>>> print(open('query.pdb').read())   # PDB, C-alpha atoms
ATOM      1  CA  MET A 941      77.914 -32.307  32.989
ATOM      2  CA  ARG A 942      81.109 -32.694  34.992
ATOM      3  CA  THR A 943      81.158 -34.295  38.398
ATOM      4  CA  ARG A 944      84.104 -33.827  40.674
ATOM      5  CA  VAL A 945      84.855 -36.489  43.268
ATOM      6  CA  ARG A 946      86.778 -35.117  46.230
ATOM      7  CA  GLY A 947      89.402 -37.205  47.930
ATOM      8  CA  TRP A 948      89.505 -39.907  45.273
ATOM      9  CA  ARG A 949      93.250 -40.220  45.686
ATOM     10  CA  TRP A 950      92.834 -41.179  49.346
ATOM     11  CA  ARG A 951      90.162 -43.866  48.834
ATOM     12  CA  ARG A 952      90.705 -47.425  47.665
ATOM     13  CA  ASN A 953      90.007 -47.359  43.977
ATOM     14  CA  PRO A 954      91.039 -49.586  41.073
ATOM     15  CA  LEU A 955      92.021 -46.512  39.043
ATOM     16  CA  ARG A 956      94.195 -45.041  41.781
ATOM     17  CA  ARG A 957      97.885 -45.500  41.226
ATOM     18  CA  ARG A 958     100.796 -45.189  43.606
ATOM     19  CA  SER A 959     101.792 -41.883  41.981
ATOM     20  CA  ASP A 960      98.313 -40.530  42.813
ATOM     21  CA  VAL A 961      98.846 -41.320  46.491
ATOM     22  CA  VAL A 962     102.304 -39.725  46.440
ATOM     23  CA  GLU A 963     100.854 -36.626  44.802
ATOM     24  CA  ALA A 964      98.068 -36.424  47.396
ATOM     25  CA  TRP A 965     100.608 -36.619  50.234
ATOM     26  CA  THR A 966     102.751 -34.020  48.494
ATOM     27  CA  VAL A 967      99.800 -31.615  48.321
ATOM     28  CA  LEU A 968      99.121 -32.165  52.034
ATOM     29  CA  VAL A 969     102.771 -31.548  52.940
ATOM     30  CA  VAL A 970     102.872 -28.411  50.779
ATOM     31  CA  ALA A 971      99.700 -27.089  52.421
ATOM     32  CA  VAL A 972     101.176 -27.615  55.893
ATOM     33  CA  LEU A 973     104.486 -26.019  54.882
ATOM     34  CA  LEU A 974     102.770 -22.984  53.358
ATOM     35  CA  SER A 975     100.360 -22.449  56.235
ATOM     36  CA  VAL A 976     102.640 -23.221  59.189
ATOM     37  CA  VAL A 977     106.340 -23.338  58.344
ATOM     38  CA  VAL A 978     106.554 -20.394  55.923
ATOM     39  CA  PRO A 979     105.021 -17.892  58.409
ATOM     40  CA  LEU A 980     107.310 -19.216  61.148
ATOM     41  CA  VAL A 981     110.340 -18.726  58.889
ATOM     42  CA  GLY A 982     109.227 -15.149  58.179
ATOM     43  CA  ILE A 983     108.686 -14.397  61.872
ATOM     44  CA  ALA A 984     112.009 -15.917  62.904
ATOM     45  CA  ALA A 985     113.910 -14.051  60.179
ATOM     46  CA  GLY A 986     112.147 -10.795  61.038
ATOM     47  CA  LEU A 987     112.945 -11.124  64.743
ATOM     48  CA  HIS A 988     116.571 -11.959  63.976
ATOM     49  CA  ALA A 989     116.818  -8.960  61.637
ATOM     50  CA  HIS A 990     115.178  -6.757  64.296
ATOM     51  CA  ASP A 991     117.759  -7.757  66.902
ATOM     52  CA  GLN A 992     120.638  -7.089  64.523
ATOM     53  CA  ALA A 993     119.224  -3.775  63.277
ATOM     54  CA  ARG A 994     118.493  -2.609  66.818
ATOM     55  CA  SER A 995     122.045  -3.383  67.971
ATOM     56  CA  LEU A 996     123.476  -1.670  64.859
ATOM     57  CA  ALA A 997     121.316   1.404  65.505
ATOM     58  CA  ALA A 998     122.450   1.492  69.143
ATOM     59  CA  ALA A 999     126.104   1.264  68.055
ATOM     60  CA  GLN A1000     125.585   4.071  65.543
ATOM     61  CA  ARG A1001     123.848   6.229  68.167
ATOM     62  CA  ALA A1002     126.815   5.721  70.487
ATOM     63  CA  GLU A1003     129.338   6.593  67.762
ATOM     64  CA  ARG A1004     127.530   9.503  66.103
ATOM     65  CA  HIS A1005     126.531  12.839  67.551
ATOM     66  CA  GLN A1006     124.226  15.568  66.332
ATOM     67  CA  VAL A1007     125.058  19.262  66.263
ATOM     68  CA  ARG A1008     123.023  22.306  65.293
ATOM     69  CA  ALA A1009     125.002  23.994  62.524
ATOM     70  CA  THR A1010     124.507  27.104  60.443
ATOM     71  CA  VAL A1011     124.779  26.765  56.676
ATOM     72  CA  ILE A1012     127.470  29.191  55.472
ATOM     73  CA  GLY A1013     127.821  28.052  51.874
ATOM     74  CA  ASP A1014     125.153  27.786  49.201
ATOM     75  CA  PRO A1015     124.009  24.183  48.661
ATOM     76  CA  PRO A1016     124.149  23.045  45.043
ATOM     77  CA  GLU A1017     121.000  23.129  42.956
ATOM     78  CA  ARG A1018     120.957  19.338  42.518
ATOM     79  CA  PRO A1019     121.908  16.424  44.795
ATOM     80  CA  ALA A1020     125.543  15.456  45.036
ATOM     81  CA  SER A1021     126.310  12.249  43.168
ATOM     82  CA  GLY A1022     126.298   9.091  45.248
ATOM     83  CA  GLN A1023     124.062  10.529  47.958
ATOM     84  CA  GLY A1024     121.225   8.044  48.450
ATOM     85  CA  ASP A1025     119.671   9.584  51.567
ATOM     86  CA  ARG A1026     116.627  11.583  50.432
ATOM     87  CA  ARG A1027     116.348  13.460  53.706
ATOM     88  CA  HIS A1028     119.886  14.881  53.285
ATOM     89  CA  PRO A1029     120.651  14.818  49.569
ATOM     90  CA  TYR A1030     122.713  18.046  49.452
ATOM     91  CA  ARG A1031     126.173  18.844  50.727
ATOM     92  CA  ALA A1032     126.916  22.320  51.964
ATOM     93  CA  GLN A1033     129.483  24.035  54.126
ATOM     94  CA  VAL A1034     128.303  24.419  57.737
ATOM     95  CA  ARG A1035     129.697  26.042  60.907
ATOM     96  CA  TRP A1036     128.940  25.118  64.506
ATOM     97  CA  THR A1037     130.382  25.664  67.946
ATOM     98  CA  GLU A1038     130.591  22.948  70.555
ATOM     99  CA  PRO A1039     130.646  23.959  74.233
ATOM    100  CA  GLY A1040     134.152  24.916  75.343
ATOM    101  CA  LYS A1041     135.643  24.637  71.835
ATOM    102  CA  ALA A1042     136.395  26.945  68.937
ATOM    103  CA  PRO A1043     133.965  27.214  66.015
ATOM    104  CA  ARG A1044     134.351  24.447  63.450
ATOM    105  CA  THR A1045     133.576  24.340  59.742
ATOM    106  CA  ALA A1046     132.943  21.290  57.591
ATOM    107  CA  TRP A1047     131.068  20.008  54.573
ATOM    108  CA  ALA A1048     127.930  18.160  55.654
ATOM    109  CA  ARG A1049     124.685  16.772  54.345
ATOM    110  CA  VAL A1050     121.823  19.217  54.721
ATOM    111  CA  PRO A1051     118.094  18.834  54.020
ATOM    112  CA  ALA A1052     116.811  19.649  50.561
ATOM    113  CA  GLY A1053     115.793  23.280  50.122
ATOM    114  CA  THR A1054     118.161  24.604  52.792
ATOM    115  CA  HIS A1055     119.415  28.171  52.282
ATOM    116  CA  THR A1056     122.440  30.064  53.571
ATOM    117  CA  GLY A1057     122.044  31.156  57.196
ATOM    118  CA  GLU A1058     119.586  28.440  58.199
ATOM    119  CA  VAL A1059     120.287  26.292  61.247
ATOM    120  CA  VAL A1060     120.087  22.572  60.492
ATOM    121  CA  PRO A1061     120.750  19.378  62.446
ATOM    122  CA  VAL A1062     123.908  17.669  61.208
ATOM    123  CA  TRP A1063     125.316  14.286  62.240
ATOM    124  CA  PHE A1064     129.030  13.512  62.556
ATOM    125  CA  ASP A1065     130.875  10.315  63.404
ATOM    126  CA  SER A1066     133.767   9.996  65.846
ATOM    127  CA  ARG A1067     136.269  11.028  63.133
ATOM    128  CA  GLY A1068     134.382  14.222  62.349
ATOM    129  CA  ARG A1069     132.955  13.036  59.009
ATOM    130  CA  SER A1070     129.428  14.003  58.057
ATOM    131  CA  VAL A1071     127.175  10.932  58.191
ATOM    132  CA  ALA A1072     123.507  10.086  57.977
ATOM    133  CA  PRO A1073     121.566  10.028  61.237
ATOM    134  CA  PRO A1074     121.331   6.663  62.968
ATOM    135  CA  PRO A1075     118.179   4.710  62.158
ATOM    136  CA  ASP A1076     115.238   5.303  64.472
ATOM    137  CA  ASP A1077     112.821   2.678  65.782
ATOM    138  CA  VAL A1078     110.522   3.052  62.760
ATOM    139  CA  ALA A1079     113.388   2.343  60.355
ATOM    140  CA  VAL A1080     114.428  -0.677  62.443
ATOM    141  CA  TRP A1081     110.892  -2.086  62.326
ATOM    142  CA  GLN A1082     110.570  -1.393  58.603
ATOM    143  CA  HIS A1083     113.818  -3.264  57.995
ATOM    144  CA  SER A1084     112.664  -6.160  60.177
ATOM    145  CA  VAL A1085     109.254  -6.486  58.526
ATOM    146  CA  THR A1086     110.756  -6.250  55.045
ATOM    147  CA  PHE A1087     113.370  -8.876  55.849
ATOM    148  CA  GLY A1088     110.731 -11.178  57.386
ATOM    149  CA  LEU A1089     108.431 -10.826  54.376
ATOM    150  CA  CYS A1090     111.297 -11.509  51.977
ATOM    151  CA  ALA A1091     112.328 -14.588  53.968
ATOM    152  CA  ALA A1092     108.737 -15.866  54.018
ATOM    153  CA  GLY A1093     108.397 -15.195  50.288
ATOM    154  CA  GLY A1094     111.653 -17.020  49.601
ATOM    155  CA  ALA A1095     110.555 -19.973  51.712
ATOM    156  CA  ALA A1096     107.172 -20.062  49.955
ATOM    157  CA  GLY A1097     108.917 -19.919  46.586
ATOM    158  CA  ALA A1098     111.197 -22.796  47.581
ATOM    159  CA  VAL A1099     108.214 -24.876  48.743
ATOM    160  CA  LEU A1100     106.272 -24.174  45.552
ATOM    161  CA  LEU A1101     109.323 -24.926  43.396
ATOM    162  CA  GLY A1102     109.793 -28.207  45.257
ATOM    163  CA  HIS A1103     106.122 -29.008  44.730
ATOM    164  CA  ALA A1104     106.385 -28.275  41.001
ATOM    165  CA  ILE A1105     109.430 -30.554  40.717
ATOM    166  CA  ALA A1106     107.648 -33.318  42.647
ATOM    167  CA  ARG A1107     104.589 -32.990  40.412
ATOM    168  CA  ARG A1108     106.781 -33.229  37.331
ATOM    169  CA  PHE A1109     108.378 -36.434  38.599
ATOM    170  CA  ALA A1110     104.946 -37.798  39.533
ATOM    171  CA  LEU A1111     103.659 -36.999  36.050
ATOM    172  CA  ARG A1112     106.615 -38.739  34.418
ATOM    173  CA  HIS A1113     106.126 -41.747  36.650
ATOM    174  CA  ARG A1114     102.381 -41.793  35.928
ATOM    175  CA  LEU A1115     102.977 -41.646  32.168
ATOM    176  CA  ALA A1116     105.505 -44.475  32.426
ATOM    177  CA  GLU A1117     102.951 -46.556  34.372
ATOM    178  CA  TRP A1118     100.322 -45.863  31.733
ATOM    179  CA  GLU A1119     102.747 -46.881  28.956
ATOM    180  CA  ARG A1120     103.500 -50.178  30.727
ATOM    181  CA  GLU A1121      99.794 -50.865  31.277
ATOM    182  CA  TRP A1122      98.971 -50.016  27.669
ATOM    183  CA  ALA A1123     101.745 -52.297  26.460
ATOM    184  CA  ARG A1124     100.029 -55.124  28.371
ATOM    185  CA  THR A1125      96.395 -54.328  27.472
ATOM    186  CA  GLY A1126      96.759 -52.501  24.150
ATOM    187  CA  PRO A1127      97.171 -55.574  21.953
ATOM    188  CA  ARG A1128      93.869 -56.989  23.230
ATOM    189  CA  TRP A1129      92.069 -53.809  22.193
ATOM    190  CA  THR A1130      93.776 -53.224  18.879
ATOM    191  CA  GLN A1131      93.821 -56.761  17.428
ATOM    192  CA  PRO A1132      91.001 -57.486  14.997
ATOM    193  CA  ARG A1133      88.475 -60.019  16.217
ATOM    194  CA  THR A1134      87.981 -63.102  14.132
TER     195      THR A1134
END
>>> encode(input="query.pdb", output="structure tokens")
Amino acid sequence: MRTRVRGWRWRRNPLRRRSDVVEAWTVLVVAVLLSVVVPLVGIAAGLHAHDQARSLAAAQRAERHQVRATVIGDPPERPASGQGDRRHPYRAQVRWTEPGKAPRTAWARVPAGTHTGEVVPVWFDSRGRSVAPPPDDVAVWQHSVTFGLCAAGGAAGAVLLGHAIARRFALRHRLAEWEREWARTGPRWTQPRT
């Protein structure tokens, strides 16, 4: 039958060593860091990422404009290489007319499954290059939450790594203490009695 005594490292005890007290304090500090500091790091990183992503999205909305264009060329059967946006993986030739200007033609990203003659929304930057649409509020929040969770996970990993290193040092110190104690008491136990 095994009995577990809780808090033995905190009580006065002849078997308690200094390394036991250090280890108990380390566990307390790690618990506080994991329950208080790590979530705060995640929240702070997420809010910072949200501010940056929101300002980037606003800058992209100001620079980019959307037009309704008609697809005039057949899109390829498979996505163009290097296109990572799943909503617009194909490039096709499109034509549109802006108010007060002549019709324009360009190659642009179009949604998958688009056929010739369909009208699609296409985004262009200030130089007239076809670009992805600016991120919406959902994408900004997804980025912020992901960044916050990664920051919290990294902070938790750093705390747990620090705790593992501290435990290793405590174990080495404890074994050294035991060796010194055994060197003092061992001869009394191992010498034959006469």
>>> atom_distance(input="query.pdb", atom1="CA of Pro979 (chain A)", atom2="CA of Val1080 (chain A)")
20.0 Å
>>> atom_distance(input="query.pdb", atom1="CA of Gly1088 (chain A)", atom2="CA of Ala984 (chain A)")
7.4 Å
>>> resolve_selection(input="query.pdb", expression="the PyMOL selection byres ((chain A and resi 1036-1052) around 8)", output="list in words")
Val1007, Arg1008, Ala1009, Thr1010, Arg1027, His1028, Pro1029, Tyr1030, Arg1031, Ala1032, Gln1033, Val1034, Arg1035, Gly1053, Thr1054, Val1060, Pro1061, Val1062, Arg1069, Ser1070, Val1071 and Ala1072 of chain A
>>> resolve_selection(input="query.pdb", expression="the PyMOL selection byres ((chain A and resi 1110) around 8)", output="list in words")
Ser959, Asp960, Val962, Glu963, Ala1106, Arg1107, Arg1108, Phe1109, Leu1111, Arg1112, His1113 and Arg1114 of chain A
>>> write_last_selection(input="query.pdb", atoms="C-alpha atoms", output="PDB file, keeping the file's coordinate frame")
ATOM      1  CA  SER A 959     101.792 -41.883  41.981  1.00  0.00           C
ATOM      2  CA  ASP A 960      98.313 -40.530  42.813  1.00  0.00           C
ATOM      3  CA  VAL A 962     102.304 -39.725  46.440  1.00  0.00           C
ATOM      4  CA  GLU A 963     100.854 -36.626  44.802  1.00  0.00           C
ATOM      5  CA  ALA A1106     107.648 -33.318  42.647  1.00  0.00           C
ATOM      6  CA  ARG A1107     104.589 -32.990  40.412  1.00  0.00           C
ATOM      7  CA  ARG A1108     106.781 -33.229  37.331  1.00  0.00           C
ATOM      8  CA  PHE A1109     108.378 -36.434  38.599  1.00  0.00           C
ATOM      9  CA  LEU A1111     103.659 -36.999  36.050  1.00  0.00           C
ATOM     10  CA  ARG A1112     106.615 -38.739  34.418  1.00  0.00           C
ATOM     11  CA  HIS A1113     106.126 -41.747  36.650  1.00  0.00           C
ATOM     12  CA  ARG A1114     102.381 -41.793  35.928  1.00  0.00           C
TER      13      ARG A1114
END
>>> atom_distance(input="query.pdb", atom1="CA of Ala1116 (chain A)", atom2="CA of Ala971 (chain A)")
27.1 Å
>>> closest_residue(input="query.pdb", among="A:Val1059, A:Ala985, A:Ala1123, A:Ile1012", to="Val1085 (chain A)", atoms="only C-alpha atoms")
A:Ala985
>>> closest_residue(input="query.pdb", among="A:Arg1128, A:Val977, A:Val967, A:Gly982", to="Leu1089 (chain A)", atoms="all atoms listed in the file")
A:Gly982
>>> closest_residue(input="query.pdb", among="A:Ser1066, A:Ser975, A:Gln1082, A:Gln1000", to="Ala1096 (chain A)", atoms="all atoms listed in the file")
A:Ser975
>>> resolve_selection(input="query.pdb", expression="the PyMOL selection byres ((chain A and resi 994-998) around 12)", output="short mmCIF file (atom, residue, chain, number, x, y, z; two decimals) with C-alpha atoms, in the coordinates of the input")
data_model
loop_
_atom_site.label_atom_id
_atom_site.label_comp_id
_atom_site.auth_asym_id
_atom_site.auth_seq_id
_atom_site.Cartn_x
_atom_site.Cartn_y
_atom_site.Cartn_z
CA GLY A 986 112.15 -10.80 61.04
CA LEU A 987 112.94 -11.12 64.74
CA HIS A 988 116.57 -11.96 63.98
CA ALA A 989 116.82 -8.96 61.64
CA HIS A 990 115.18 -6.76 64.30
CA ASP A 991 117.76 -7.76 66.90
CA GLN A 992 120.64 -7.09 64.52
CA ALA A 993 119.22 -3.78 63.28
CA ALA A 999 126.10 1.26 68.06
CA GLN A 1000 125.58 4.07 65.54
CA ARG A 1001 123.85 6.23 68.17
CA ALA A 1002 126.82 5.72 70.49
CA GLU A 1003 129.34 6.59 67.76
CA ARG A 1004 127.53 9.50 66.10
CA ALA A 1072 123.51 10.09 57.98
CA PRO A 1073 121.57 10.03 61.24
CA PRO A 1074 121.33 6.66 62.97
CA PRO A 1075 118.18 4.71 62.16
CA ASP A 1076 115.24 5.30 64.47
CA ASP A 1077 112.82 2.68 65.78
CA VAL A 1078 110.52 3.05 62.76
CA ALA A 1079 113.39 2.34 60.36
CA VAL A 1080 114.43 -0.68 62.44
CA TRP A 1081 110.89 -2.09 62.33
CA GLN A 1082 110.57 -1.39 58.60
CA HIS A 1083 113.82 -3.26 58.00
CA SER A 1084 112.66 -6.16 60.18
#
>>> closest_residue(input="query.pdb", among="A:Gln1131, A:Glu1117, A:Ile983, A:Asp1065", to="Arg956 (chain A)", atoms="all atoms listed in the file")
A:Glu1117
>>> closest_residue(input="query.pdb", among="A:Leu973, A:Gly1013, A:Trp1129, A:Leu980", to="Ala1098 (chain A)", atoms="only C-alpha atoms")
A:Leu973
